[in-house]
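Here's the structure, in structure tokens; my notes come after.
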Amino acid sequence: MLKIGPYEFHSRLLLGTGKFPDFQVQQEAVAASGTQILTFAVRRMNIFAPNQPNFLEMLDLCKFTLLPNTAGAKTAEEAVRIAQLAKASGLCNMIKVEVIGDEKTLYPDPLETLKACEILLAEGFIVLPYTSDDVILARRLQELGVHAIMPAASPIGSGQGILNPLNLRFIIEQSNVPIIVDAGIGAPSDAAYAMELGADAVLLNTAVSAAKNPVLMAKAMKLAIEAGRHGFEAGRIPQKPYASASSPQEGISLG
């Protein structure tokens, strides 16, 4: 089970809901992914408008836990206001904290992220910060009391996969809260690799929504994450510089 604060989930795939070509494809992709957690940008939805259609109206929300995010925030204060708006709507008390510090790379601002998390934790939120693959920042956030840490594999939407597996491994090894690899996943192999490294879950959006066949890709990501998790739990063999016979050498007849 994936445990985040008081919540428990069978699926280890968190799915973003943006950029799909239409609501029907989005709905089918969500079903194919097997996800139990859906994330969305509060600022890109008018959640209080009664006549504006949105994906929330197309899904059976009893089947999902919603993870609003603070995308668009550039300061801790903005992130906190967005989180408070999401909570006031009654959607969920779990929030993905995203405070962007650079418009070109969309890398998060570490200082503003720390500040926002501290405020939101004091207000009783279940806090999941989006971060770079900074090992020290991840430790500071854990000491602060966040409920999960979401390091980027590579820049948001880039599809470059995991650029720094060593840092990601360090973050995983030092952590006692779930590590959810977020941003940059491009292919099922990327998602499987993240899980093989020991990540607890993967959050992705563009890799599915911008695929030629989003529904099929959602299914592929589901299977990749399951395979990667099984591989991590099974324990891979050590890598060796030379060949090693797979059949025993003792007792072989020579004549």
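Ligands are numbered from 1 in the order shown, residues from 1 within each chain, and chains are lettered A, B, ... in the order they appear in the structure tokens.
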
Show me, as a tab-separated table, the residues of segment 134-197 of chain A having an atom within 10 Å of segment 12-18 of chain A, each with the closest atom pair and its distance in Å, using only C-alpha atoms.
```
residue	atom	partner	partner_atom	distance
A:Ile180	CA	A:Leu14	CA	8.7
A:Val181	CA	A:Leu14	CA	9.8
A:Asp182	CA	A:Leu14	CA	9.1
A:Ala191	CA	A:Leu13	CA	9.3
A:Met195	CA	A:Arg12	CA	9.4
```

> Near Gly72 of chain A, within 10 Å and counting only C-alpha atoms, which residues show up once chain neighbours fewer than 4 positions away are dropped, as a list of chain:residue names?
Replying inline: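 Contacts, with the query itself left out: A:Ala41, A:Val42, A:Arg43, A:Arg44, A:Glu78, A:Ala79, A:Ile82, A:Glu98, A:Val99, A:Ile100.
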
Given the selection you just returned, output its residues as a file containing N, CA and C atoms, formatted as a PDB file, in the first residue's frame.
```pdb
ATOM      1  N   ALA A  41      -4.390  21.705 -11.548  1.00  0.00           N
ATOM      2  CA  ALA A  41      -4.010  23.062 -11.152  1.00  0.00           C
ATOM      3  C   ALA A  41      -5.265  23.845 -10.790  1.00  0.00           C
ATOM      4  N   VAL A  42      -5.339  24.295  -9.554  1.00  0.00           N
ATOM      5  CA  VAL A  42      -6.507  25.038  -9.094  1.00  0.00           C
ATOM      6  C   VAL A  42      -6.691  26.312  -9.908  1.00  0.00           C
ATOM      7  N   ARG A  43      -5.596  26.982 -10.240  1.00  0.00           N
ATOM      8  CA  ARG A  43      -5.689  28.267 -10.948  1.00  0.00           C
ATOM      9  C   ARG A  43      -6.185  28.113 -12.378  1.00  0.00           C
ATOM     10  N   ARG A  44      -6.122  26.907 -12.925  1.00  0.00           N
ATOM     11  CA  ARG A  44      -6.586  26.697 -14.300  1.00  0.00           C
ATOM     12  C   ARG A  44      -8.032  26.224 -14.356  1.00  0.00           C
ATOM     13  N   GLU A  78       1.361  33.155  -2.442  1.00  0.00           N
ATOM     14  CA  GLU A  78       0.446  32.760  -3.515  1.00  0.00           C
ATOM     15  C   GLU A  78       0.075  31.285  -3.383  1.00  0.00           C
ATOM     16  N   ALA A  79       1.046  30.443  -3.099  1.00  0.00           N
ATOM     17  CA  ALA A  79       0.789  29.008  -2.956  1.00  0.00           C
ATOM     18  C   ALA A  79      -0.190  28.745  -1.816  1.00  0.00           C
ATOM     19  N   ILE A  82      -3.754  29.702  -2.844  1.00  0.00           N
ATOM     20  CA  ILE A  82      -4.339  28.714  -3.766  1.00  0.00           C
ATOM     21  C   ILE A  82      -4.758  27.464  -2.995  1.00  0.00           C
ATOM     22  N   GLU A  98       3.576  23.692  -5.252  1.00  0.00           N
ATOM     23  CA  GLU A  98       4.408  23.981  -6.419  1.00  0.00           C
ATOM     24  C   GLU A  98       4.621  25.489  -6.488  1.00  0.00           C
ATOM     25  N   VAL A  99       5.860  25.912  -6.246  1.00  0.00           N
ATOM     26  CA  VAL A  99       6.214  27.330  -6.309  1.00  0.00           C
ATOM     27  C   VAL A  99       7.350  27.475  -7.309  1.00  0.00           C
ATOM     28  N   ILE A 100       7.050  27.990  -8.483  1.00  0.00           N
ATOM     29  CA  ILE A 100       8.029  28.053  -9.561  1.00  0.00           C
ATOM     30  C   ILE A 100       8.949  29.257  -9.387  1.00  0.00           C
TER      31      ILE A 100
END
```

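Counting from atom CA of Ile37 of chain A, the distance to atom CA of Ala199 of chain A is 16.5 Å.
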
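For the pair atom CA of Ala31 of chain A and atom CA of Pro155 of chain A, the interatomic distance is 26.5 Å.
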
>> If DSSP is run on the backbone, what residues of segment 1-249 of chain A are strand (DSSP E or B)? A reply as a ChimeraX atom specification would be ideal.
In response: /A:2-4,7-9,13-16,37-41,65-69,73,94-97,99-100,108,126-131,149-151,179-182,201-204

>> Considering only C-alpha atoms, can you say which of A:Leu66, A:Leu85, A:Val202, A:Leu197 comes closest to Ser33 of chain A?
In response: A:Val202

> Excluding same-chain residues fewer than 3 positions from Ile179 of chain A, what lies within 12 Å of it counting only C-alpha atoms, as a ChimeraX atom specification?
Replying inline: /A:2-4,12,128-131,133,135,138-139,141-142,146-153,168-176,182,194-195,197-203

Take the residues from that selection and put them in a file with C-alpha atoms, as a PDB file, in the first residue's frame.
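Wrote it out as part_37.pdb, contents follow:
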```
ATOM      1  CA  LEU A   2       1.097   3.562  -0.712  1.00  0.00           C
ATOM      2  CA  LYS A   3       0.524   5.594   2.468  1.00  0.00           C
ATOM      3  CA  ILE A   4       0.380   9.396   2.359  1.00  0.00           C
ATOM      4  CA  ARG A  12       1.270   3.919  -7.210  1.00  0.00           C
ATOM      5  CA  LEU A 128       3.345  17.138  -0.830  1.00  0.00           C
ATOM      6  CA  PRO A 129       6.003  19.552  -2.160  1.00  0.00           C
ATOM      7  CA  TYR A 130       7.291  19.473  -5.732  1.00  0.00           C
ATOM      8  CA  THR A 131      11.075  19.956  -5.651  1.00  0.00           C
ATOM      9  CA  ASP A 133      16.419  16.578  -7.037  1.00  0.00           C
ATOM     10  CA  VAL A 135      19.164  15.953  -1.566  1.00  0.00           C
ATOM     11  CA  ALA A 138      14.510  16.926   0.548  1.00  0.00           C
ATOM     12  CA  ARG A 139      15.956  16.323   4.005  1.00  0.00           C
ATOM     13  CA  LEU A 141      11.386  19.239   3.967  1.00  0.00           C
ATOM     14  CA  GLN A 142      11.197  15.899   5.722  1.00  0.00           C
ATOM     15  CA  VAL A 146       5.818  17.074   4.972  1.00  0.00           C
ATOM     16  CA  HIS A 147       3.869  13.931   4.153  1.00  0.00           C
ATOM     17  CA  ALA A 148       5.655  13.081   0.882  1.00  0.00           C
ATOM     18  CA  ILE A 149       8.371  14.570  -1.312  1.00  0.00           C
ATOM     19  CA  MET A 150       8.025  14.908  -5.088  1.00  0.00           C
ATOM     20  CA  PRO A 151      11.435  15.356  -6.759  1.00  0.00           C
ATOM     21  CA  ALA A 152      11.549  16.054 -10.481  1.00  0.00           C
ATOM     22  CA  ALA A 153      13.143  13.483 -12.774  1.00  0.00           C
ATOM     23  CA  LEU A 168      17.208  10.406  -6.643  1.00  0.00           C
ATOM     24  CA  ARG A 169      18.653   7.312  -4.980  1.00  0.00           C
ATOM     25  CA  PHE A 170      20.147   9.463  -2.191  1.00  0.00           C
ATOM     26  CA  ILE A 171      16.767  11.144  -1.604  1.00  0.00           C
ATOM     27  CA  ILE A 172      15.053   7.759  -1.415  1.00  0.00           C
ATOM     28  CA  GLU A 173      17.653   6.255   0.930  1.00  0.00           C
ATOM     29  CA  GLN A 174      17.449   9.086   3.477  1.00  0.00           C
ATOM     30  CA  SER A 175      13.685   9.429   3.486  1.00  0.00           C
ATOM     31  CA  ASN A 176      11.049   8.005   5.805  1.00  0.00           C
ATOM     32  CA  ASP A 182       7.270  13.960 -10.488  1.00  0.00           C
ATOM     33  CA  ALA A 194      12.045   5.304 -11.066  1.00  0.00           C
ATOM     34  CA  MET A 195      10.312   2.461  -9.259  1.00  0.00           C
ATOM     35  CA  LEU A 197      15.400   2.835  -7.838  1.00  0.00           C
ATOM     36  CA  GLY A 198      13.019   2.586  -4.894  1.00  0.00           C
ATOM     37  CA  ALA A 199      10.561   5.418  -5.483  1.00  0.00           C
ATOM     38  CA  ASP A 200       7.193   4.877  -3.843  1.00  0.00           C
ATOM     39  CA  ALA A 201       5.144   6.259  -6.731  1.00  0.00           C
ATOM     40  CA  VAL A 202       5.253   8.264  -9.953  1.00  0.00           C
ATOM     41  CA  LEU A 203       3.221  11.313 -10.926  1.00  0.00           C
TER      42      LEU A 203
END
```

>> As an exercise, work out the distance from atom CA of Gly90 of chain A to atom CA of Pro6 of chain A in Å and give it to one decimal place.
In response: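 Distance between the two atoms: 17.1 Å.
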
>> At a cut-off of 12 Å, using only C-alpha atoms, what residues contact Ala210 of chain A? Leave out same-chain residues fewer than 6 positions from it and give the result as a PyMOL selection string.
In response: chain A and resi 16-22+25-26+29+157-159+185-187+204+216-218

> Given the choices A:Ser89, A:Phe40, A:Gly184, A:Gly124, which gets closest to Thr105 of chain A if the distance is worked out from only C-alpha atoms?
Replying inline: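 For Thr105 of chain A, the nearest of the given residues is A:Gly184.
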
>> So that I can see what lies close to segment 228-230 of chain A, please list as a ChimeraX atom specification the residues with an atom at most 7 Å from it, counting only C-alpha atoms and leaving out residues fewer than 5 positions away in the same chain.
In response: /A:192-193,195-196

> Which residues come within 8 Å of Val80 of chain A, counting only C-alpha atoms, excluding same-chain residues fewer than 6 positions away, as a PyMOL selection string?
Replying inline: chain A and resi 116+119-120

Go ahead and write the residues just picked, C-alpha atoms, as a PDB file, in the first residue's frame.
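Output saved as part.pdb:
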```pdb
ATOM      1  CA  ALA A 116       4.827  27.565   1.944  1.00  0.00           C
ATOM      2  CA  ILE A 119       2.621  27.541   6.728  1.00  0.00           C
ATOM      3  CA  LEU A 120       0.378  24.854   5.234  1.00  0.00           C
TER       4      LEU A 120
END
```

>> Please determine, counting only C-alpha atoms, which residue among A:Met1, A:Ala122, A:Ile225, A:Leu67 has the shortest atom-to-atom distance to Ala86 of chain A.
In response: A:Leu67
